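Asks: Pasting a structure below so you can have a look.
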Amino acid sequence: MSSKKNDNAVLLREIRELILAARKTVARNIDTIQVLTCFEIGRRIIEHEQHGKRRATYGKATLKELSSALTHEFGWGFSEDNLSNMRKFYLVYGEQKDISETLSRKLLIAEKSETASRKSSDPAKSHTLMRPFSLSWSHYVFLIGLKSTEERRFYEIEAAAQNWSLRELKRQFDSGLFERLAASRNKTEIKKLALRGQEIAKPKDVLKDPYVLEFLGLDERAAYSETDLETAIIDKLERFLRELGKGFLFEARQKRFTFDEEHFFVDLVFYNRLLRCYVLVDLKIGKLTHQDLGQMQMYVNYYDRYMKTDDENPTVGIILCKKKHDALVEITLPKGANIFAKQYQLYLPSKAELKQKLLDWTKKQEVERR
């Protein structure tokens, strides 16, 4: 019994030193220090369990004892559940992060390193504390709950790159962003999504299927017009831009141009700075027709011939519709056309539905390759 208490005392002392060192560190990024500390606490707990070959029931008792002692000294943040999350955090990320030195040593020398870095004029040496994690602890608590490694990596990369709040991260996950982007990619490209996040090199890279517009507040069952849909998008423009994806800038609503003494109006005009091209969006609440596709073809042709500059890329047209027929799109548009018909929906999709859709897509790709 005394041996068990002594083991726990050693573990408690090591964790106390980590917490005290982290709190003394003059850190520019408090979130990073917290995440690194949680990672190292998780490592200590796992190594303690493995060293003693402890059973699961004993592990729970250890967490309870640690929680009581740490909460008494440091206050909020060290509940059994949170310590369990730290343990899981290390199990999930321990082999994925390139951590060459133990965090405890780095935290203990961090204050000295920080002081030295302030005296340095070299930006490359501006801070020496390793930063293998780029999100807050709350973000990682959510991420370690994801079963798919590919999804977890993708959402971690995108959340950091797009500066998503925890709320936005959850919304993007609930909307099935990974599945919606992956649905138009082959297996190799899906792996790239997981390793690099969403990279924009060609028009298809920005497309999603479907576009999820639940934030507009329109009732799926109620009658609404295309004008209502357009107005709702303008009212929630920031969120709509986020749903469109990376690099989009808003230019105009109901953009008028005149051709052969007749006026035409493009519902929404955007510019994508990554693709370096105009993106025209037409909204359709009824059934997609070949006339709708022909109209968008005319809009795109006009912008290519009269609006874009020589150093810009060809214009992209997107028709957002409630329902589309792939065969109609394929037979109406010329091959290589920069025009895409994509469905939208006013509610968050079922994750199971999206996963099945992705599975069906990959199977279709395999059949076509044979």
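In the structure tokens, the first chain shown is A, the next is B, and so on; residue numbers restart at 1 for each chain, and ligands run from 1 in the order shown.
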Give me, as a list in words, all polymer residues having an atom no more than 12 Å from Pro349 (chain A), counting only C-alpha atoms and skipping those fewer than 6 positions away in the same chain.
Replies: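 With the cut-off at 12 Å, the set is Arg171, Gln172, Phe173, Asp174, Ser175, Gly176, Leu177, Glu179, Arg180, Asp209, Pro210, Tyr211, Val212, Leu213, Glu214, Lys355, Gln356 and Lys357 of chain A.
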Asks: Please provide as a JSON list (two decimals) with N, CA and C atoms, in the first residue's frame all residues within 9 Å of Val35 (chain A), with the sequence filter that same-chain residues fewer than 4 positions apart are discarded (counting only C-alpha atoms).
Replies:
[["chain", "number", "residue", "atom", "x", "y", "z"],
["A", 30, "ILE", "N", -0.69, 31.77, -24.56],
["A", 30, "ILE", "CA", -1.11, 31.02, -23.37],
["A", 30, "ILE", "C", -1.74, 29.69, -23.77],
["A", 31, "ASP", "N", -2.51, 29.69, -24.85],
["A", 31, "ASP", "CA", -3.17, 28.46, -25.30],
["A", 31, "ASP", "C", -2.14, 27.37, -25.60],
["A", 39, "PHE", "N", -0.52, 17.89, -22.77],
["A", 39, "PHE", "CA", 0.09, 16.77, -23.49],
["A", 39, "PHE", "C", 1.11, 16.06, -22.59],
["A", 40, "GLU", "N", 1.94, 16.87, -21.91],
["A", 40, "GLU", "CA", 2.98, 16.27, -21.09],
["A", 40, "GLU", "C", 2.41, 15.61, -19.83],
["A", 133, "PHE", "N", 1.66, 22.15, -31.46],
["A", 133, "PHE", "CA", 0.20, 22.28, -31.47],
["A", 133, "PHE", "C", -0.18, 23.73, -31.72],
["A", 134, "SER", "N", -1.25, 23.93, -32.49],
["A", 134, "SER", "CA", -1.61, 25.29, -32.90],
["A", 134, "SER", "C", -3.02, 25.70, -32.52],
["A", 135, "LEU", "N", -3.75, 24.86, -31.77],
["A", 135, "LEU", "CA", -5.11, 25.17, -31.38],
["A", 135, "LEU", "C", -5.22, 25.21, -29.86],
["A", 136, "SER", "N", -6.40, 25.60, -29.38],
["A", 136, "SER", "CA", -6.61, 25.65, -27.94],
["A", 136, "SER", "C", -6.90, 24.25, -27.39],
["A", 137, "TRP", "N", -6.82, 24.12, -26.08],
["A", 137, "TRP", "CA", -7.11, 22.85, -25.44],
["A", 137, "TRP", "C", -8.54, 22.41, -25.72],
["A", 140, "TYR", "N", -8.75, 20.67, -28.97],
["A", 140, "TYR", "CA", -8.19, 19.32, -28.97],
["A", 140, "TYR", "C", -9.07, 18.33, -28.21]]
Asks: Kindly indicate which residue among A:Asn313, A:Ser184, A:Ser138, A:Gln345 lies nearest to Leu218 (chain A), using only C-alpha atoms for the distances.
Replies: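 Ranking A:Asn313, A:Ser184, A:Ser138, A:Gln345 by distance to Leu218 (chain A), first place goes to A:Gln345.
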Asks: What separation in Å, quoted to one decimal, exists between CA of Phe74 (chain A) and CA of Ile19 (chain A)?
Replies: 8.6 Å
Asks: Suppose you want the space between CA of Asn301 (chain A) and CA of Lys208 (chain A); what is it in Å?
Replies: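 According to the coordinates, CA of Asn301 (chain A) and CA of Lys208 (chain A) are separated by 23.3 Å.
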Asks: Nearest to Phe259 (chain A) among A:Arg305, A:Gly77, A:Asp228, A:Leu283, with distances taken over only C-alpha atoms: which residue is it?
Replies: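 Going through A:Arg305, A:Gly77, A:Asp228, A:Leu283 one by one, the smallest distance to Phe259 (chain A) is for A:Arg305.
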Asks: Just how far from CA of Leu63 (chain A) is CA of Leu20 (chain A), in Å to one decimal?
Replies: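 Value for the CA of Leu20 (chain A)-CA of Leu63 (chain A) distance: 19.2 Å.
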Asks: Might you pull out every residue within 10 Å of region 41-50 of chain A, with only C-alpha atoms counted and same-chain residues fewer than 6 positions away left off, and present them as JSON, numbers by chain?
Replies: {"A": [7, 8, 10, 11, 12, 14, 15, 16, 18, 19, 35, 56, 58, 59, 62, 63, 66, 83, 84, 85, 86, 87, 88, 89, 90, 91, 94, 102, 103, 104]}
Asks: Give me the residues within 9 Å of His325 (chain A) as JSON, numbers by chain, counting only C-alpha atoms and dropping any in the same chain fewer than 5 places off.
Replies: {"A": [287, 288, 289, 330, 341]}
Asks: Could you take the residues named above and write them with N, CA and C atoms, as a short mmCIF file (atom, residue, chain, number, x, y, z; two decimals), in the first residue's frame?
Replies:
data_model
loop_
_atom_site.label_atom_id
_atom_site.label_comp_id
_atom_site.auth_asym_id
_atom_site.auth_seq_id
_atom_site.Cartn_x
_atom_site.Cartn_y
_atom_site.Cartn_z
N LYS A 287 -36.48 23.28 -60.16
CA LYS A 287 -35.72 22.24 -60.84
C LYS A 287 -34.75 22.86 -61.82
N LEU A 288 -33.52 22.37 -61.83
CA LEU A 288 -32.51 22.88 -62.74
C LEU A 288 -32.88 22.52 -64.18
N THR A 289 -32.80 23.50 -65.08
CA THR A 289 -33.13 23.26 -66.49
C THR A 289 -31.91 23.56 -67.37
N GLU A 330 -24.26 17.24 -67.86
CA GLU A 330 -23.22 16.69 -68.73
C GLU A 330 -23.54 16.86 -70.20
N ALA A 341 -23.03 22.80 -61.45
CA ALA A 341 -24.32 22.82 -60.76
C ALA A 341 -24.16 22.07 -59.45
#
Asks: Can you list, as a PyMOL selection string, every residue of region 145-357 of chain A that DSSP puts in strand (DSSP E)?
Replies: chain A and resi 211-212+248-259+262-272+277-287+316-323+339-345
Asks: Residues at most 6 Å from region 190-204 of chain A, counting only C-alpha atoms, excluding those fewer than 3 positions away in the same chain, as a compact mmCIF listing (two decimals) with N, CA and C atoms, in the first residue's frame?
Replies:
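Below you can see part_35.txt, which holds the result:
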# COMPACT_ATOMS: atom_id res chain seq x y z
N GLU A 150 -8.02 10.49 -40.44
CA GLU A 150 -8.01 11.40 -41.58
C GLU A 150 -8.83 12.65 -41.29
N ARG A 153 -7.07 14.92 -38.60
CA ARG A 153 -5.97 15.70 -39.14
C ARG A 153 -6.48 16.84 -40.01
N PHE A 154 -7.48 16.55 -40.85
CA PHE A 154 -8.03 17.58 -41.72
C PHE A 154 -8.59 18.74 -40.92
N ILE A 157 -5.88 20.89 -39.22
CA ILE A 157 -5.19 21.77 -40.17
C ILE A 157 -6.06 22.96 -40.54
N GLU A 158 -7.33 22.70 -40.88
CA GLU A 158 -8.23 23.77 -41.32
C GLU A 158 -8.58 24.73 -40.19
N ALA A 182 -14.41 15.74 -49.95
CA ALA A 182 -13.85 14.47 -50.42
C ALA A 182 -14.71 13.82 -51.49
N LYS A 187 -9.01 8.70 -54.26
CA LYS A 187 -8.40 8.28 -52.99
C LYS A 187 -7.12 9.04 -52.68
N LEU A 207 -15.15 23.46 -54.70
CA LEU A 207 -16.53 23.01 -54.76
C LEU A 207 -16.89 22.06 -53.63
Asks: In region 91-297 of chain A, what's helix (DSSP H, G or I) per DSSP? Answer as a ChimeraX atom specification?
Replies: /A:91-93,103-119,123-125,137-143,149-161,166-174,177-182,187-196,203-206,214-216,226-235,237-244,290-297
Asks: Please provide the set of residues having any atom within 9 Å of Val269 (chain A), restricted to only C-alpha atoms, with same-chain residues fewer than 6 positions apart removed, written as a PyMOL selection string.
Replies: chain A and resi 249-255+278-282
Asks: Hey, can you spit out that residue selection with N, CA and C atoms as a short mmCIF file (atom, residue, chain, number, x, y, z; two decimals), in the first residue's frame?
Replies:
data_model
loop_
_atom_site.label_atom_id
_atom_site.label_comp_id
_atom_site.auth_asym_id
_atom_site.auth_seq_id
_atom_site.Cartn_x
_atom_site.Cartn_y
_atom_site.Cartn_z
N LEU A 249 -13.92 36.67 -52.13
CA LEU A 249 -14.22 38.08 -51.83
C LEU A 249 -15.52 38.45 -52.52
N PHE A 250 -16.38 39.16 -51.82
CA PHE A 250 -17.68 39.54 -52.40
C PHE A 250 -17.53 40.81 -53.22
N GLU A 251 -18.13 40.81 -54.43
CA GLU A 251 -18.07 42.00 -55.27
C GLU A 251 -19.42 42.67 -55.46
N ALA A 252 -20.45 41.90 -55.83
CA ALA A 252 -21.72 42.56 -56.16
C ALA A 252 -22.90 41.61 -56.05
N ARG A 253 -24.06 42.22 -55.84
CA ARG A 253 -25.34 41.51 -55.87
C ARG A 253 -26.14 42.07 -57.04
N GLN A 254 -26.81 41.19 -57.79
CA GLN A 254 -27.57 41.59 -58.97
C GLN A 254 -26.74 42.48 -59.88
N LYS A 255 -25.56 41.99 -60.22
CA LYS A 255 -24.63 42.72 -61.08
C LYS A 255 -25.20 42.80 -62.50
N TYR A 278 -12.95 35.47 -61.43
CA TYR A 278 -14.31 35.78 -61.00
C TYR A 278 -15.07 34.47 -60.79
N VAL A 279 -15.97 34.50 -59.81
CA VAL A 279 -16.85 33.37 -59.57
C VAL A 279 -18.28 33.90 -59.53
N LEU A 280 -19.10 33.47 -60.48
CA LEU A 280 -20.48 33.92 -60.60
C LEU A 280 -21.40 32.87 -59.98
N VAL A 281 -22.33 33.31 -59.15
CA VAL A 281 -23.25 32.39 -58.49
C VAL A 281 -24.68 32.74 -58.87
N ASP A 282 -25.40 31.76 -59.40
CA ASP A 282 -26.82 31.93 -59.73
C ASP A 282 -27.63 31.04 -58.81
#
Asks: Restricting the calculation to only C-alpha atoms, which member of A:Lys351, A:Arg13, A:Arg221, A:Lys335 is positioned closest to Leu70 (chain A)?
Replies: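 The shortest atom-to-atom distance to Leu70 (chain A) comes from A:Arg13.
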